[in-house]
$ cat query37.cif   # mmCIF, C-alpha atoms
data_coords
#
loop_
_atom_site.label_atom_id
_atom_site.label_comp_id
_atom_site.auth_asym_id
_atom_site.auth_seq_id
_atom_site.Cartn_x
_atom_site.Cartn_y
_atom_site.Cartn_z
CA MET A 814 143.02 104.75 86.73
CA GLN A 815 144.16 103.72 83.27
CA TYR A 816 146.39 100.72 82.56
CA ARG A 817 148.84 99.91 79.79
CA THR A 818 151.04 96.98 78.85
CA LEU A 819 154.64 97.37 80.01
CA GLY A 820 156.49 97.11 76.72
CA ARG A 821 156.04 93.62 75.31
CA THR A 822 156.00 91.87 78.69
CA GLY A 823 152.24 91.42 78.87
CA VAL A 824 152.27 92.96 82.38
CA GLN A 825 149.55 95.56 82.92
CA VAL A 826 150.63 98.62 84.90
CA SER A 827 148.89 101.82 85.95
CA THR A 828 149.67 104.95 83.95
CA LEU A 829 150.68 106.63 87.20
CA ALA A 830 153.43 104.80 89.07
CA LEU A 831 154.42 105.49 92.68
CA GLY A 832 158.04 106.57 93.01
CA ALA A 833 159.53 106.08 96.47
CA MET A 834 162.57 108.35 96.27
CA ASN A 835 161.10 110.65 98.93
CA PHE A 836 160.56 107.86 101.45
CA GLY A 837 162.93 108.37 104.34
CA SER A 838 165.62 110.98 104.81
CA ILE A 839 165.47 112.47 101.30
CA GLY A 840 161.85 113.57 101.65
CA ARG A 841 161.74 113.46 105.45
CA THR A 842 158.91 110.93 105.19
CA THR A 843 158.37 108.59 108.14
CA GLN A 844 157.42 104.93 107.90
CA ASP A 845 153.84 105.68 108.91
CA GLU A 846 153.61 108.38 106.25
CA ALA A 847 155.15 106.12 103.62
CA THR A 848 152.71 103.33 104.46
CA ALA A 849 149.79 105.77 104.27
CA ILE A 850 150.97 106.93 100.83
CA VAL A 851 151.27 103.34 99.60
CA ASP A 852 147.83 102.50 101.03
CA ALA A 853 146.21 105.45 99.26
CA ALA A 854 148.05 104.76 96.02
CA LEU A 855 146.98 101.11 95.90
CA GLU A 856 143.41 102.03 96.79
CA ALA A 857 143.39 104.47 93.86
CA GLY A 858 144.51 101.73 91.47
CA ILE A 859 148.27 102.32 91.23
CA ASN A 860 149.97 98.93 90.98
CA LEU A 861 153.58 99.85 90.12
CA ILE A 862 156.00 100.99 92.84
CA ASP A 863 159.50 102.12 91.86
CA THR A 864 162.43 102.60 94.22
CA ALA A 865 166.23 102.25 94.16
CA ASP A 866 169.00 101.02 96.40
CA MET A 867 170.63 104.46 96.67
CA TYR A 868 167.50 106.31 97.84
CA GLY A 869 168.49 107.07 101.41
CA GLU A 870 171.22 104.40 101.10
CA GLY A 871 168.65 101.62 101.28
CA GLU A 872 166.17 103.37 103.53
CA SER A 873 163.53 103.74 100.81
CA GLU A 874 163.65 100.04 99.96
CA GLU A 875 163.23 99.13 103.63
CA MET A 876 160.22 101.43 103.99
CA VAL A 877 158.63 100.14 100.77
CA GLY A 878 159.15 96.58 101.97
CA LYS A 879 157.34 97.25 105.24
CA ALA A 880 154.54 99.14 103.45
CA VAL A 881 153.80 96.34 100.97
CA ALA A 882 154.15 93.44 103.40
CA GLY A 883 151.29 91.00 103.01
CA ARG A 884 150.21 92.23 99.58
CA ARG A 885 153.30 91.64 97.46
CA ASP A 886 151.46 89.70 94.76
CA ASP A 887 149.23 92.67 93.94
CA ILE A 888 152.17 94.96 93.17
CA VAL A 889 154.59 95.30 90.27
CA LEU A 890 157.72 96.04 92.29
CA ALA A 891 160.68 97.78 90.66
CA THR A 892 164.07 98.83 92.00
CA LYS A 893 167.40 99.98 90.60
CA ALA A 894 171.15 99.60 91.16
CA THR A 895 174.58 100.91 89.98
CA MET A 896 174.77 104.24 91.85
CA PRO A 897 177.39 104.39 94.65
CA MET A 898 176.45 102.68 97.90
CA GLY A 899 179.13 104.01 100.23
CA ASP A 900 182.79 104.78 99.63
CA GLU A 901 184.00 101.30 98.67
CA ARG A 902 185.05 101.53 95.02
CA ASN A 903 183.39 98.26 93.99
CA HIS A 904 180.06 98.99 95.70
CA ARG A 905 178.68 100.63 92.56
CA GLY A 906 178.47 100.13 88.83
CA ALA A 907 177.08 97.46 86.53
CA SER A 908 179.59 94.65 86.95
CA ARG A 909 178.41 91.10 87.57
CA ARG A 910 180.19 91.16 90.93
CA TRP A 911 178.23 94.15 92.20
CA LEU A 912 174.82 93.43 90.63
CA VAL A 913 174.67 89.91 92.08
CA THR A 914 175.65 91.20 95.52
CA GLU A 915 173.46 94.29 95.51
CA LEU A 916 170.33 92.53 94.28
CA ASP A 917 170.52 90.27 97.32
CA ASN A 918 170.89 93.38 99.48
CA SER A 919 167.83 94.95 97.84
CA LEU A 920 165.75 91.80 98.27
CA ARG A 921 166.70 91.69 101.94
CA ARG A 922 165.77 95.33 102.46
CA LEU A 923 162.49 94.91 100.58
CA GLY A 924 161.67 91.69 102.42
CA VAL A 925 160.83 89.81 99.20
CA ASP A 926 162.28 86.91 97.23
CA HIS A 927 162.12 88.64 93.84
CA VAL A 928 161.49 91.97 92.16
CA ASP A 929 159.44 92.34 89.01
CA LEU A 930 161.73 94.87 87.36
CA TYR A 931 165.43 95.40 88.08
CA GLN A 932 166.86 98.50 86.42
CA ILE A 933 170.37 99.71 85.68
CA HIS A 934 170.14 103.18 87.24
CA ARG A 935 172.74 104.74 84.94
CA TRP A 936 174.84 103.45 82.08
CA ASP A 937 178.26 102.35 83.32
CA PRO A 938 180.87 103.11 80.61
CA THR A 939 183.47 100.93 82.36
CA VAL A 940 181.47 97.73 81.87
CA SER A 941 180.59 95.92 78.63
CA ASP A 942 176.97 95.29 77.71
CA GLU A 943 177.72 91.55 77.64
CA GLU A 944 178.96 91.61 81.25
CA THR A 945 175.87 93.40 82.54
CA LEU A 946 173.25 91.64 80.42
CA SER A 947 174.64 88.17 81.11
CA ALA A 948 174.57 88.85 84.85
CA LEU A 949 170.99 90.11 84.66
CA THR A 950 169.98 87.11 82.56
CA ASP A 951 171.41 84.73 85.16
CA LEU A 952 169.57 86.57 87.95
CA GLN A 953 166.38 86.30 85.91
CA ARG A 954 166.88 82.56 85.38
CA ALA A 955 167.49 82.20 89.12
CA GLY A 956 164.01 83.67 89.72
CA LYS A 957 165.26 86.73 91.59
CA ILE A 958 164.04 89.17 88.93
CA ARG A 959 161.24 88.84 86.40
CA TYR A 960 162.43 91.49 83.92
CA PHE A 961 165.24 94.00 83.66
CA GLY A 962 165.51 97.49 82.22
CA SER A 963 167.64 100.60 81.92
CA SER A 964 167.32 104.11 83.31
CA THR A 965 168.41 107.39 81.74
CA PHE A 966 170.41 105.71 78.97
CA PRO A 967 171.41 107.74 75.89
CA ALA A 968 169.56 106.55 72.80
CA TYR A 969 172.66 105.08 71.19
CA ARG A 970 173.36 102.98 74.29
CA LEU A 971 169.82 101.60 74.19
CA VAL A 972 170.41 100.50 70.60
CA GLN A 973 173.82 99.04 71.40
CA ALA A 974 172.40 97.06 74.33
CA GLN A 975 169.67 95.59 72.14
CA TRP A 976 172.26 94.45 69.58
CA ALA A 977 174.54 93.09 72.29
CA ALA A 978 171.68 90.97 73.63
CA ARG A 979 171.16 89.48 70.19
CA GLU A 980 174.86 88.94 69.55
CA HIS A 981 175.54 87.21 72.85
CA HIS A 982 172.18 85.40 73.11
CA VAL A 983 171.26 86.88 76.48
CA GLY A 984 168.19 88.66 77.80
CA ARG A 985 167.50 92.26 76.79
CA TYR A 986 166.31 95.39 78.49
CA VAL A 987 162.53 95.57 78.22
CA THR A 988 162.06 99.03 79.76
CA GLU A 989 163.73 102.44 79.87
CA GLN A 990 163.22 105.04 82.60
CA PRO A 991 164.03 108.52 81.22
CA SER A 992 163.43 112.03 82.53
CA TYR A 993 160.48 113.55 80.63
CA SER A 994 158.25 116.57 81.13
CA ILE A 995 156.81 119.52 79.25
CA LEU A 996 159.99 121.44 80.09
CA GLN A 997 162.39 118.63 79.18
CA ARG A 998 161.28 117.17 75.83
CA GLY A 999 164.64 116.24 74.33
CA ILE A 1000 163.99 112.51 74.49
CA GLU A 1001 161.22 112.93 71.91
CA SER A 1002 163.91 113.37 69.25
CA HIS A 1003 166.11 110.39 70.13
CA VAL A 1004 165.19 108.14 73.07
CA LEU A 1005 161.46 107.67 72.48
CA PRO A 1006 161.84 106.71 68.78
CA VAL A 1007 164.28 104.00 69.91
CA THR A 1008 161.98 102.68 72.64
CA GLU A 1009 159.15 102.48 70.13
CA GLU A 1010 161.37 100.70 67.60
CA TYR A 1011 162.39 98.02 70.13
CA GLY A 1012 159.11 97.80 72.02
CA LEU A 1013 160.47 99.03 75.35
CA GLY A 1014 158.15 100.12 78.12
CA VAL A 1015 158.82 103.70 79.22
CA LEU A 1016 158.52 104.84 82.85
CA ALA A 1017 158.98 108.62 82.84
CA TRP A 1018 160.57 110.18 85.91
CA SER A 1019 160.31 113.84 86.99
CA PRO A 1020 157.11 114.53 85.01
CA LEU A 1021 156.57 117.61 87.20
CA ALA A 1022 160.09 118.86 86.39
CA SER A 1023 161.35 118.93 89.99
CA GLY A 1024 158.30 120.94 91.06
CA TRP A 1025 158.35 123.55 88.28
CA LEU A 1026 155.05 122.15 86.99
CA SER A 1027 153.39 121.56 90.36
CA GLY A 1028 151.67 124.95 90.43
CA ALA A 1029 153.84 126.10 93.33
CA VAL A 1030 156.36 127.96 91.16
CA ARG A 1031 154.91 131.16 89.71
CA GLU A 1032 156.02 134.67 88.84
CA GLY A 1033 156.22 136.98 91.86
CA ARG A 1034 156.01 134.20 94.42
CA PRO A 1035 158.88 132.98 96.62
CA VAL A 1036 159.94 129.46 95.69
CA THR A 1037 159.45 127.27 98.74
CA THR A 1038 159.38 123.75 97.28
CA SER A 1039 161.44 121.06 98.99
CA ARG A 1040 163.53 120.58 95.85
CA SER A 1041 164.44 124.27 95.75
CA LYS A 1042 165.99 123.94 99.20
CA VAL A 1043 168.14 121.00 98.14
CA LEU A 1044 169.02 122.32 94.65
CA PRO A 1045 168.67 126.12 94.86
CA GLU A 1046 170.61 126.66 91.63
CA ARG A 1047 167.78 125.02 89.69
CA PHE A 1048 165.43 127.80 90.77
CA ASP A 1049 167.79 130.78 90.65
CA LEU A 1050 166.04 133.19 88.29
CA THR A 1051 169.28 135.01 87.47
CA ILE A 1052 170.19 131.91 85.43
CA PRO A 1053 168.79 132.23 81.86
CA ALA A 1054 167.59 128.62 81.68
CA ASN A 1055 165.54 129.08 84.85
CA ARG A 1056 164.09 132.35 83.59
CA ALA A 1057 163.04 130.54 80.40
CA ARG A 1058 161.37 127.85 82.48
CA LEU A 1059 159.42 130.36 84.51
CA ASP A 1060 158.30 132.16 81.35
CA ALA A 1061 157.07 128.81 79.97
CA VAL A 1062 155.31 127.98 83.25
CA GLU A 1063 153.38 131.25 83.14
CA GLN A 1064 152.13 130.46 79.63
CA LEU A 1065 151.31 126.88 80.58
CA ALA A 1066 149.31 128.10 83.57
CA VAL A 1067 147.05 130.01 81.19
CA ILE A 1068 146.57 126.91 79.05
CA ALA A 1069 145.71 124.81 82.11
CA ASP A 1070 143.26 127.39 83.41
CA GLU A 1071 141.47 127.69 80.07
CA ALA A 1072 141.20 123.89 79.89
CA GLY A 1073 139.80 123.67 83.43
CA LEU A 1074 142.85 121.74 84.66
CA THR A 1075 145.42 122.11 87.41
CA MET A 1076 149.06 122.46 86.42
CA ILE A 1077 149.65 118.95 87.75
CA GLN A 1078 146.89 117.53 85.56
CA LEU A 1079 148.31 119.34 82.55
CA ALA A 1080 151.84 118.10 83.24
CA LEU A 1081 150.97 114.47 83.92
CA GLY A 1082 148.39 114.37 81.14
CA PHE A 1083 151.03 115.60 78.72
CA VAL A 1084 153.54 112.89 79.66
CA THR A 1085 151.04 110.03 79.49
CA ALA A 1086 149.65 111.32 76.17
CA HIS A 1087 152.79 110.28 74.30
CA PRO A 1088 152.23 106.87 72.67
CA ALA A 1089 155.69 105.69 73.68
CA VAL A 1090 155.13 106.34 77.41
CA THR A 1091 153.76 103.56 79.60
CA ALA A 1092 153.56 105.43 82.91
CA ALA A 1093 154.55 108.65 84.65
CA ILE A 1094 156.34 108.19 87.97
CA ILE A 1095 155.04 110.48 90.70
CA GLY A 1096 157.02 110.98 93.92
CA PRO A 1097 154.75 112.41 96.63
CA ARG A 1098 156.16 113.26 100.05
CA THR A 1099 152.73 113.39 101.70
CA THR A 1100 149.28 111.92 101.14
CA GLU A 1101 148.10 115.42 100.23
CA HIS A 1102 150.70 115.58 97.45
CA LEU A 1103 149.49 112.18 96.30
CA ARG A 1104 145.88 113.31 96.26
CA THR A 1105 146.61 116.25 93.97
CA GLN A 1106 148.57 113.99 91.63
CA LEU A 1107 145.93 111.26 91.57
CA ALA A 1108 143.53 113.86 90.18
CA ALA A 1109 145.42 113.42 86.90
CA ALA A 1110 144.82 109.67 86.73
CA ASP A 1111 142.09 109.96 84.11
CA THR A 1112 143.25 113.19 82.46
CA VAL A 1113 143.20 113.05 78.67
CA LEU A 1114 144.40 116.21 76.94
CA SER A 1115 142.68 117.31 73.76
CA ALA A 1116 144.59 117.93 70.55
CA ASP A 1117 144.03 121.67 70.98
CA VAL A 1118 145.65 121.63 74.42
CA LEU A 1119 148.59 119.56 73.20
CA ASP A 1120 149.05 121.95 70.26
CA ALA A 1121 149.05 124.89 72.68
CA ILE A 1122 151.75 123.19 74.78
CA ASP A 1123 153.83 122.62 71.63
CA ALA A 1124 153.64 126.36 70.93
CA VAL A 1125 155.16 127.10 74.35
CA VAL A 1126 157.87 124.40 74.38
CA ALA A 1127 158.67 122.99 70.96
CA PRO A 1128 158.75 119.19 70.56
CA GLY A 1129 162.20 117.73 71.21
CA THR A 1130 163.35 120.78 73.20
CA ASP A 1131 165.03 120.78 76.62
CA LEU A 1132 164.73 124.09 78.44
CA ALA A 1133 167.49 123.03 80.83
CA ALA A 1134 169.69 120.71 78.79
CA HIS A 1135 172.53 121.05 81.31
CA GLU A 1136 170.46 119.11 83.84
CA LYS A 1137 170.12 116.03 81.66
CA PHE A 1138 171.76 112.80 82.79
CA ASP A 1139 172.02 111.05 79.41
CA THR A 1140 174.66 113.30 77.86
CA PRO A 1141 177.40 111.29 76.06
CA PRO A 1142 180.61 111.34 78.16
CA ALA A 1143 182.63 112.97 75.37
CA LEU A 1144 180.49 116.10 75.63
CA LEU A 1145 181.34 116.43 79.32
CA ASP A 1146 185.04 115.46 79.32
CA PRO A 1147 187.26 117.34 76.83
CA ALA A 1148 189.88 114.56 77.04
CA LEU A 1149 187.47 112.18 75.36
CA ARG A 1150 187.17 114.33 72.24
CA ARG A 1151 190.84 115.14 71.69
CA ARG A 1152 193.68 113.03 70.39
#
$ encode --input "query37.cif" --output "structure tokens"
Amino acid sequence: MQYRTLGRTGVQVSTLALGAMNFGSIGRTTQDEATAIVDAALEAGINLIDTADMYGEGESEEMVGKAVAGRRDDIVLATKATMPMGDERNHRGASRRWLVTELDNSLRRLGVDHVDLYQIHRWDPTVSDEETLSALTDLQRAGKIRYFGSSTFPAYRLVQAQWAAREHHVGRYVTEQPSYSILQRGIESHVLPVTEEYGLGVLAWSPLASGWLSGAVREGRPVTTSRSKVLPERFDLTIPANRARLDAVEQLAVIADEAGLTMIQLALGFVTAHPAVTAAIIGPRTTEHLRTQLAAADTVLSADVLDAIDAVVAPGTDLAAHEKFDTPPALLDPALRRR
């Protein structure tokens, strides 16, 4: 396992991080299975575990808490908030009122007195940066969080948040968690240059592109991945974007084979090769999934392999831009771009 410094925090984290989204009802993973995955991950050298309050409406946090009991100090523990937690209109978002309340809920579910990294799951356009950052700073000073970061923020919001922290003399985001894979490279043109400029640690989610890069999706084979059952439209080959992804996957499979790598090794090695990326978040549902992903822990892609990948999917290109979560609101709502 390789280790890198998380931004400018001085904290050393593994280049593969364990994502716990599949723990519980989402991935149909039991507590025993989740504990076995955590055990195997820690034994392999992974020391960063990432979850969120909304994964299974708190179920993932509870399962992570039970799995790490008794070895909390050996783990960099991260969670997230702001996504809806039920139907109550104020049980979501990035207001001080909700963040203070929901952090206590997360700590209770996790069975700990602090988390190492507390992340704003999505930018909340209804709340000022000052409101959110001041609340996070107070929680940090109270000892309930060590650091705080953002997740899936547009580049311009990352910049604005950094300036707001300076202007209002409050703490700043020290990490960003964006979606990044060979098939979704858009952040190379805007988000990653900003994270490098401000020294933010980057925890990349969906490095296997929802299973497209797992080796299970190939031409002529039925798609049977768990994600395809939940989001069938993302694998419908009558949709041009999905056809383009499959065409890219077939070319990438040749590159992987010629390099003596699995598709998973190629995909994870690509993400961790970028100098701005601290770690790739993997989200296994079983210990077998984890084993195949751990095989990429020491993968270092040669320049020739990286050049070959660039020839298939050009740098800065998203093959499914409509699936991105960092699109500025005005591009989604016509009312916001008309007088």
$ atom_distance --input "query37.cif" --atom1 "CA of Asp1060 in chain A" --atom2 "CA of Ile995 in chain A"
12.9 Å
$ closest_residue --input "query37.cif" --among "A:Pro938, A:Ile1068, A:Val1036, A:Ala1022" --to "Ser908 in chain A" --atoms "only C-alpha atoms"
A:Pro938
$ resolve_selection --input "query37.cif" --expression "the PyMOL selection byres ((chain A and resi 889) around 10)" --output "list in words"
Val824, Gln825, Val826, Ser827, Ala830, Ile859, Asn860, Leu861, Ile862, Asp863, Arg885, Asp886, Asp887, Ile888, Leu890, Ala891, Val928, Asp929 and Leu930 of chain A
$ axis_aligned_box --input "query37.cif" --around "range 997-1011 of chain A" --padding-each-side "8 Å" --output "AutoDock Vina command-line options"
--center_x 162.6 --center_y 108.3 --center_z 73.4 --size_x 23.0 --size_y 36.6 --size_z 27.6
$ residues_around --input "query37.cif" --residues "range 947-960 of chain A" --least-positions-apart "6" --cutoff "10 Å" --atoms "only C-alpha atoms" --output "PyMOL selection string"
chain A and resi 822+890-891+907-913+916-917+920+925-933+978+981-988
$ closest_residue --input "query37.cif" --among "A:Ala1086, A:Ala1116, A:Leu996, A:Ala1069" --to "Asp1131 in chain A" --atoms "all atoms listed in the file"
A:Leu996
$ closest_residue --input "query37.cif" --among "A:Val1125, A:Ala1054, A:Met867, A:Ala1109" --to "Val1067 in chain A" --atoms "all atoms listed in the file"
A:Val1125
$ atom_distance --input "query37.cif" --atom1 "CA of Gln990 in chain A" --atom2 "CA of Trp1018 in chain A"
6.7 Å
$ closest_residue --input "query37.cif" --among "A:Arg1034, A:Arg935, A:Gly906, A:Pro1097" --to "Gly837 in chain A" --atoms "only C-alpha atoms"
A:Pro1097
$ residues_near_point --input "query37.cif" --point "(147.9, 123.1, 71.6)" --cutoff "12 Å" --atoms "only C-alpha atoms" --output "ChimeraX atom specification"
/A:1064-1065,1067-1069,1071-1072,1079,1083,1114-1128
$ write_last_selection --input "query37.cif" --atoms "C-alpha atoms" --output "JSON list (two decimals), in the coordinates of the input"
[["chain", "number", "residue", "atom", "x", "y", "z"],
["A", 1064, "GLN", "CA", 152.13, 130.46, 79.63],
["A", 1065, "LEU", "CA", 151.31, 126.88, 80.58],
["A", 1067, "VAL", "CA", 147.05, 130.01, 81.19],
["A", 1068, "ILE", "CA", 146.57, 126.91, 79.05],
["A", 1069, "ALA", "CA", 145.71, 124.81, 82.11],
["A", 1071, "GLU", "CA", 141.47, 127.69, 80.07],
["A", 1072, "ALA", "CA", 141.20, 123.89, 79.89],
["A", 1079, "LEU", "CA", 148.31, 119.34, 82.55],
["A", 1083, "PHE", "CA", 151.03, 115.60, 78.72],
["A", 1114, "LEU", "CA", 144.40, 116.21, 76.94],
["A", 1115, "SER", "CA", 142.68, 117.31, 73.76],
["A", 1116, "ALA", "CA", 144.59, 117.93, 70.55],
["A", 1117, "ASP", "CA", 144.03, 121.67, 70.98],
["A", 1118, "VAL", "CA", 145.65, 121.63, 74.42],
["A", 1119, "LEU", "CA", 148.59, 119.56, 73.20],
["A", 1120, "ASP", "CA", 149.05, 121.95, 70.26],
["A", 1121, "ALA", "CA", 149.05, 124.89, 72.68],
["A", 1122, "ILE", "CA", 151.75, 123.19, 74.78],
["A", 1123, "ASP", "CA", 153.83, 122.62, 71.63],
["A", 1124, "ALA", "CA", 153.64, 126.36, 70.93],
["A", 1125, "VAL", "CA", 155.16, 127.10, 74.35],
["A", 1126, "VAL", "CA", 157.87, 124.40, 74.38],
["A", 1127, "ALA", "CA", 158.67, 122.99, 70.96],
["A", 1128, "PRO", "CA", 158.75, 119.19, 70.56]]
$ atom_distance --input "query37.cif" --atom1 "CA of Thr1091 in chain A" --atom2 "CA of Asp1070 in chain A"
26.3 Å
$ closest_residue --input "query37.cif" --among "A:Gln997, A:Thr1100, A:Gln973, A:Asn903" --to "Val851 in chain A" --atoms "all atoms listed in the file"
A:Thr1100
$ closest_residue --input "query37.cif" --among "A:Gly1028, A:Pro1141, A:Gly878, A:Pro967" --to "Ala1080 in chain A" --atoms "all atoms listed in the file"
A:Gly1028
